[in-house]
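File shown here: coords02.csv, holding CSV, C-alpha atoms.
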```csv
chain,number,residue,atom,x,y,z
B,1,ASP,CA,8.1,11.4,3.3
B,2,ALA,CA,9.5,7.9,3.9
B,3,ARG,CA,8.1,5.2,1.5
B,4,VAL,CA,8.7,1.7,0.5
B,5,THR,CA,9.9,1.6,-3.1
B,6,GLN,CA,9.6,-1.3,-5.5
B,7,THR,CA,11.0,-2.0,-8.9
B,8,PRO,CA,10.0,-2.7,-11.6
B,9,ARG,CA,6.4,-1.4,-11.3
B,10,HIS,CA,5.3,-3.5,-14.3
B,11,LYS,CA,6.9,-6.6,-15.8
B,12,VAL,CA,5.8,-8.7,-18.8
B,13,THR,CA,7.8,-11.8,-19.4
B,14,GLU,CA,7.5,-15.1,-21.1
B,15,MET,CA,7.0,-18.4,-19.4
B,16,GLY,CA,10.3,-19.9,-18.3
B,17,GLN,CA,12.1,-16.6,-17.9
B,18,GLU,CA,13.7,-15.5,-14.6
B,19,VAL,CA,12.0,-12.5,-12.9
B,20,THR,CA,13.6,-10.5,-10.1
B,21,MET,CA,11.7,-7.9,-8.1
B,22,ARG,CA,13.3,-5.5,-5.8
B,23,CYS,CA,12.2,-3.6,-2.7
B,24,GLN,CA,13.8,-0.8,-0.7
B,25,PRO,CA,12.2,-0.8,2.8
B,26,ILE,CA,11.7,2.4,4.8
B,27,LEU,CA,15.0,3.3,6.6
B,28,GLY,CA,15.0,2.0,10.1
B,29,HIS,CA,12.3,-0.6,9.6
B,30,ASN,CA,13.6,-4.1,10.7
B,31,THR,CA,10.8,-6.2,9.2
B,32,VAL,CA,10.2,-6.8,5.5
B,33,PHE,CA,7.3,-8.8,4.0
B,34,TRP,CA,6.6,-10.1,0.5
B,35,TYR,CA,2.9,-10.5,-0.5
B,36,ARG,CA,1.2,-11.7,-3.6
B,37,GLN,CA,-2.3,-10.5,-4.6
B,38,THR,CA,-4.6,-12.1,-7.1
B,39,MET,CA,-8.4,-11.8,-7.6
B,40,MET,CA,-8.9,-15.4,-6.7
B,41,GLN,CA,-6.6,-15.8,-3.7
B,42,GLY,CA,-6.5,-12.3,-2.3
B,43,LEU,CA,-3.4,-11.1,-0.4
B,44,GLU,CA,-1.1,-13.9,0.5
B,45,LEU,CA,2.1,-13.7,2.6
B,46,LEU,CA,5.0,-15.3,0.7
B,47,ALA,CA,7.9,-14.6,3.1
B,48,TYR,CA,9.1,-12.2,5.7
B,49,PHE,CA,12.4,-11.1,7.3
B,50,ARG,CA,13.3,-9.6,10.6
B,51,ASN,CA,16.7,-7.9,10.9
B,52,ARG,CA,17.5,-9.4,7.4
B,53,ALA,CA,17.0,-13.0,8.7
B,54,PRO,CA,14.3,-15.0,7.0
B,55,LEU,CA,11.6,-15.9,9.5
B,56,ASP,CA,8.9,-17.5,7.5
B,57,ASP,CA,8.7,-18.5,3.8
B,58,SER,CA,6.1,-21.2,4.2
B,59,GLY,CA,3.8,-19.3,1.7
B,60,MET,CA,6.3,-19.5,-1.1
B,61,PRO,CA,6.6,-22.2,-3.7
B,62,LYS,CA,10.1,-23.4,-2.8
B,63,ASP,CA,11.0,-24.9,-6.1
B,64,ARG,CA,10.8,-21.7,-8.1
B,65,PHE,CA,10.7,-18.8,-5.7
B,66,SER,CA,13.5,-17.4,-3.6
B,67,ALA,CA,13.6,-14.3,-1.3
B,68,GLU,CA,16.7,-12.7,0.1
B,69,MET,CA,17.9,-9.6,1.9
B,70,PRO,CA,21.4,-8.9,0.9
B,71,ASP,CA,21.5,-5.8,3.0
B,72,ALA,CA,19.2,-3.7,5.1
B,73,THR,CA,18.2,-1.5,2.2
B,74,LEU,CA,17.4,-4.2,-0.3
B,75,ALA,CA,15.0,-7.2,-0.4
B,76,THR,CA,14.7,-9.3,-3.5
B,77,LEU,CA,12.1,-11.8,-4.7
B,78,LYS,CA,13.1,-14.1,-7.6
B,79,ILE,CA,11.0,-16.5,-9.7
B,80,GLN,CA,12.9,-19.0,-11.8
B,81,PRO,CA,11.4,-20.3,-14.0
B,82,SER,CA,8.3,-18.2,-14.2
B,83,GLU,CA,4.9,-19.6,-15.1
B,84,PRO,CA,1.6,-18.0,-16.2
B,85,ARG,CA,0.1,-18.8,-12.8
B,86,ASP,CA,2.6,-16.5,-11.2
B,87,SER,CA,0.9,-13.5,-12.8
B,88,ALA,CA,-0.2,-11.3,-9.9
B,89,VAL,CA,0.7,-8.1,-8.1
B,90,TYR,CA,3.6,-8.5,-5.7
B,91,PHE,CA,3.8,-6.2,-2.8
B,92,CYS,CA,6.6,-5.5,-0.5
B,93,ALA,CA,5.9,-4.1,3.0
B,94,SER,CA,8.1,-2.9,5.8
B,95,GLY,CA,7.6,-2.2,9.4
B,96,SER,CA,8.9,-2.2,12.9
B,97,GLY,CA,6.2,-4.4,14.3
B,98,ALA,CA,3.0,-6.2,13.2
B,99,ASP,CA,1.0,-3.0,13.5
B,100,THR,CA,3.1,-0.8,11.3
B,101,GLN,CA,3.3,-2.5,7.9
B,102,TYR,CA,3.7,0.0,5.1
B,103,PHE,CA,3.2,-1.3,1.7
B,104,GLY,CA,5.1,-0.4,-1.5
B,105,PRO,CA,3.3,0.4,-4.7
B,106,GLY,CA,3.6,-3.2,-6.0
B,107,THR,CA,5.0,-4.9,-9.0
B,108,ARG,CA,2.4,-6.1,-11.5
B,109,LEU,CA,3.8,-9.2,-13.1
B,110,THR,CA,2.3,-10.8,-16.3
B,111,VAL,CA,3.8,-14.1,-17.4
B,112,LEU,CA,2.7,-15.0,-21.0
R,1,GLN,CA,-12.4,-22.6,7.1
R,2,LYS,CA,-10.4,-19.5,6.2
R,3,GLU,CA,-8.5,-17.9,9.1
R,4,VAL,CA,-10.0,-14.4,8.4
R,5,GLU,CA,-13.4,-14.2,6.7
R,6,GLN,CA,-15.1,-11.2,5.2
R,7,ASN,CA,-18.1,-10.7,3.0
R,8,SER,CA,-16.7,-9.8,-0.5
R,9,GLY,CA,-19.6,-7.4,-1.3
R,10,PRO,CA,-20.0,-5.2,-3.0
R,11,LEU,CA,-21.6,-3.2,-0.2
R,12,SER,CA,-23.4,-0.2,-1.5
R,13,VAL,CA,-24.1,2.6,0.9
R,14,PRO,CA,-25.7,6.1,0.2
R,15,GLU,CA,-23.5,9.1,0.8
R,16,GLY,CA,-23.8,10.4,4.3
R,17,ALA,CA,-24.9,7.1,5.8
R,18,ILE,CA,-23.0,4.7,8.1
R,19,ALA,CA,-21.1,1.9,6.4
R,20,SER,CA,-20.6,-1.2,8.5
R,21,LEU,CA,-17.9,-3.8,7.5
R,22,ASN,CA,-17.6,-7.1,9.3
R,23,CYS,CA,-14.9,-9.7,9.8
R,24,THR,CA,-14.6,-12.9,11.8
R,25,TYR,CA,-11.4,-14.8,12.6
R,26,SER,CA,-10.7,-18.4,13.6
R,27,ASP,CA,-7.7,-18.2,16.0
R,28,ARG,CA,-9.1,-17.5,19.5
R,29,GLY,CA,-5.6,-16.5,20.7
R,30,SER,CA,-5.3,-13.6,18.3
R,31,GLN,CA,-4.4,-10.3,20.0
R,32,SER,CA,-3.9,-7.7,17.2
R,33,PHE,CA,-6.4,-6.6,14.6
R,34,PHE,CA,-6.2,-4.2,11.7
R,35,TRP,CA,-8.2,-2.6,9.0
R,36,TYR,CA,-6.5,-1.7,5.7
R,37,ARG,CA,-8.1,0.3,2.9
R,38,GLN,CA,-7.1,-0.5,-0.7
R,39,TYR,CA,-8.1,1.7,-3.6
R,40,SER,CA,-8.4,0.1,-7.0
R,41,GLY,CA,-4.9,-0.3,-8.5
R,42,LYS,CA,-3.2,0.9,-5.3
R,43,SER,CA,-1.5,-0.8,-2.3
R,44,PRO,CA,-3.1,-1.5,1.0
R,45,GLU,CA,-3.0,1.4,3.6
R,46,LEU,CA,-3.4,0.9,7.3
R,47,ILE,CA,-6.3,2.9,8.7
R,48,MET,CA,-7.1,1.3,12.1
R,49,SER,CA,-5.6,-1.0,14.6
R,50,ILE,CA,-7.3,-2.4,17.7
R,51,TYR,CA,-6.1,-4.6,20.5
R,52,SER,CA,-8.7,-4.5,23.2
R,53,ASN,CA,-12.3,-5.4,23.4
R,54,GLY,CA,-14.7,-2.5,22.7
R,55,ASP,CA,-14.6,0.5,20.4
R,56,LYS,CA,-11.8,2.6,19.1
R,57,GLU,CA,-12.6,5.8,17.3
R,58,ASP,CA,-10.5,7.8,14.8
R,59,GLY,CA,-12.3,10.6,13.1
R,60,ARG,CA,-15.1,9.1,11.0
R,61,PHE,CA,-13.8,5.6,11.6
R,62,THR,CA,-14.7,3.3,14.5
R,63,ALA,CA,-13.2,-0.2,15.0
R,64,GLN,CA,-15.1,-2.6,17.2
R,65,LEU,CA,-13.6,-5.8,18.7
R,66,ASN,CA,-15.4,-8.7,20.4
R,67,LYS,CA,-12.8,-11.4,21.2
R,68,ALA,CA,-15.4,-13.7,22.8
R,69,SER,CA,-17.3,-13.8,19.5
R,70,GLN,CA,-14.1,-13.6,17.4
R,71,TYR,CA,-15.5,-10.6,15.6
R,72,VAL,CA,-14.1,-7.3,14.3
R,73,SER,CA,-16.0,-4.6,12.6
R,74,LEU,CA,-15.3,-1.2,11.0
R,75,LEU,CA,-17.9,1.6,11.0
R,76,ILE,CA,-17.5,4.6,8.7
R,77,ARG,CA,-19.7,7.5,9.6
R,78,ASP,CA,-20.9,10.1,7.1
R,79,SER,CA,-19.7,8.0,4.2
R,80,GLN,CA,-18.1,9.9,1.3
R,81,PRO,CA,-17.5,8.8,-2.3
R,82,SER,CA,-13.8,8.9,-1.5
R,83,ASP,CA,-14.4,6.0,1.0
R,84,SER,CA,-15.2,3.7,-2.0
R,85,ALA,CA,-12.5,1.1,-1.8
R,86,THR,CA,-11.8,-2.5,-0.7
R,87,TYR,CA,-11.4,-2.9,3.0
R,88,LEU,CA,-9.1,-5.6,4.2
R,89,CYS,CA,-9.4,-7.1,7.7
R,90,ALA,CA,-6.1,-8.4,9.1
R,91,VAL,CA,-5.3,-10.4,12.2
R,92,ASN,CA,-2.0,-11.3,13.9
R,93,PRO,CA,-2.6,-14.7,15.4
R,94,ASP,CA,0.8,-14.8,17.2
R,95,SER,CA,1.9,-11.8,19.2
R,96,SER,CA,5.5,-13.1,19.2
R,97,ALA,CA,5.7,-12.8,15.5
R,98,SER,CA,5.0,-10.0,13.0
R,99,LYS,CA,3.0,-12.2,10.6
R,100,ILE,CA,-0.5,-11.0,9.9
R,101,ILE,CA,-3.3,-12.8,8.0
R,102,PHE,CA,-5.5,-10.9,5.6
R,103,GLY,CA,-9.1,-11.5,4.8
R,104,SER,CA,-10.1,-11.4,1.1
R,105,GLY,CA,-11.6,-7.9,1.6
R,106,THR,CA,-15.0,-6.2,1.3
R,107,ARG,CA,-15.6,-3.9,-1.7
R,108,LEU,CA,-17.4,-0.8,-0.5
R,109,SER,CA,-19.2,1.6,-2.9
R,110,ILE,CA,-20.6,4.9,-1.7
R,111,ARG,CA,-23.4,6.1,-4.0
R,112,PRO,CA,-24.1,9.8,-4.3
```

I need this file expressed as structure tokens, please.
Amino acid sequence: DARVTQTPRHKVTEMGQEVTMRCQPILGHNTVFWYRQTMMQGLELLAYFRNRAPLDDSGMPKDRFSAEMPDATLATLKIQPSEPRDSAVYFCASGSGADTQYFGPGTRLTVL
Amino acid sequence: QKEVEQNSGPLSVPEGAIASLNCTYSDRGSQSFFWYRQYSGKSPELIMSIYSNGDKEDGRFTAQLNKASQYVSLLIRDSQPSDSATYLCAVNPDSSASKIIFGSGTRLSIRP
């Protein structure tokens, strides 16, 4: 049963620390998405990749967030430095088109 | 104006009745429409996609699309307590890209 995996599942850190979240997309999927979900803003697209190339990162605060895909089996989202307002659930999703996005279990981030 | 709008609810429906969830979108050129279900503490799961005007049925679920009115709906027949979740409407405004925009979701509660 192919699934998107994300690590860590939970992360508590202090303001100013670097946070790295990892995602392993489903094998064969060529599109990877990073979303952030909060009660206030709902589900927001931060960035997405097709065939490992970044296509859109307009939803991401550029000064502190960065997203990369070093290879086809790994996508990373980094926050440096982290701030309390970054507290949210971060989802990775993969797909082979806009109608086949499969979400990972998410990383619940708390920044104190 | 938000690109995809949903009533946040909660929508309370008695078990066995029909639950009707509604969504409007702002980009008239949108071609792809989706309904995701998200249980509390879990990740979104795709349950329906629709691309043409009219109805699309899948088991107890029916998606309805009216592009002239920029309106998408989801009907759940014979509602079960296990249908209690948040339902996210999502729209792809650009068929050449994989990016989809999510609504803020409608919380559905099925009461026994």

Checklist line | Shell around Leu74 in chain B at 10 Å using all atoms listed in the file, local window under 2 positions removed, as a ChimeraX atom specification | finding: /B:5-6,22-25,32,52,68-72,76

Next item on the list: Provide the CA of Ala93 in chain B to CA of Phe33 in chain B distance in Å, to one decimal place.
Entry: 5.0 Å

Notebook entry, point to check: Smallest atom-to-atom distance to Ser79 in chain R: which of R:Ile110, R:Lys99, R:Ser26, R:Asn66, using only C-alpha atoms?
Noted result: R:Ile110

Check: For the atom pair CA of Asn30 in chain B and CA of Asn51 in chain B, what is the interatomic distance in Å to one decimal place?
Finding: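 Going from CA of Asn30 in chain B over to CA of Asn51 in chain B covers 4.9 Å.
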
Notebook entry, point to check: Using all atoms listed in the file, which residues sit within 8 Å of range 65-67 of chain B once same-chain residues fewer than 4 positions away are excluded, as a PyMOL selection string?
Noted result: chain B and resi 47+60-61+75-80

Next item on the list: Identify the residues around (7.8, -3.0, -9.3) within a radius of 6 Å, measuring from only C-alpha atoms in the coordinates stated by the file, and give them as a list in words.
Entry: Gln6, Thr7, Pro8, Arg9, His10, Gly106 and Thr107 of chain B

Same residues, C-alpha atoms, saved as a PDB file, keeping the file's coordinate frame:
```pdb
ATOM      1  CA  GLN B   6       9.600  -1.300  -5.500  1.00  0.00           C
ATOM      2  CA  THR B   7      11.000  -2.000  -8.900  1.00  0.00           C
ATOM      3  CA  PRO B   8      10.000  -2.700 -11.600  1.00  0.00           C
ATOM      4  CA  ARG B   9       6.400  -1.400 -11.300  1.00  0.00           C
ATOM      5  CA  HIS B  10       5.300  -3.500 -14.300  1.00  0.00           C
ATOM      6  CA  GLY B 106       3.600  -3.200  -6.000  1.00  0.00           C
ATOM      7  CA  THR B 107       5.000  -4.900  -9.000  1.00  0.00           C
TER       8      THR B 107
END
```

Margin query: Please check the contacts: residues of chain R at most 6 Å away from chain B, using all atoms listed in the file, listed as a PyMOL selection string.
Written below: chain R and resi 43+98+104

Notebook entry, point to check: What is the distance, in Å and to one decimal place, between CA of Pro81 in chain R and CA of Gln6 in chain R?
Noted result: 21.5 Å

Notebook entry, point to check: Got a sec: who's within 8 Å of Pro93 in chain R, counting all atoms listed in the file, leaving out chain neighbours fewer than 2 positions off, as a PyMOL selection string?
Noted result: chain R and resi 27+29-32+91+95+99-101

Checklist line | Which of R:Ser49, R:Ser40, R:Asn7, R:Ser12 sits closest to Ser109 in chain R [using only C-alpha atoms] | finding: R:Ser12

Checklist line | Option closest in space to Ala17 in chain R, from R:Ala90, R:Ile76, R:Ala85, R:Leu46 [counting all atoms listed in the file] | finding: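 Ranking R:Ala90, R:Ile76, R:Ala85, R:Leu46 by distance to Ala17 in chain R, first place goes to R:Ile76.
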
Checklist line | Pick from R:Phe34, R:Tyr25, R:Phe61, R:Tyr71 nearest to Asp83 in chain R, counting all atoms listed in the file | finding: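 Closest to Asp83 in chain R, using all atoms listed in the file: R:Phe61.
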
Margin query: I'd like the contact shell of Ser73 in chain R - 7 Å cut-off, only C-alpha atoms, skipping same-chain residues fewer than 4 positions apart - returned as JSON, numbers by chain.
Written below: {"R": [21, 22, 23, 63, 64, 65]}
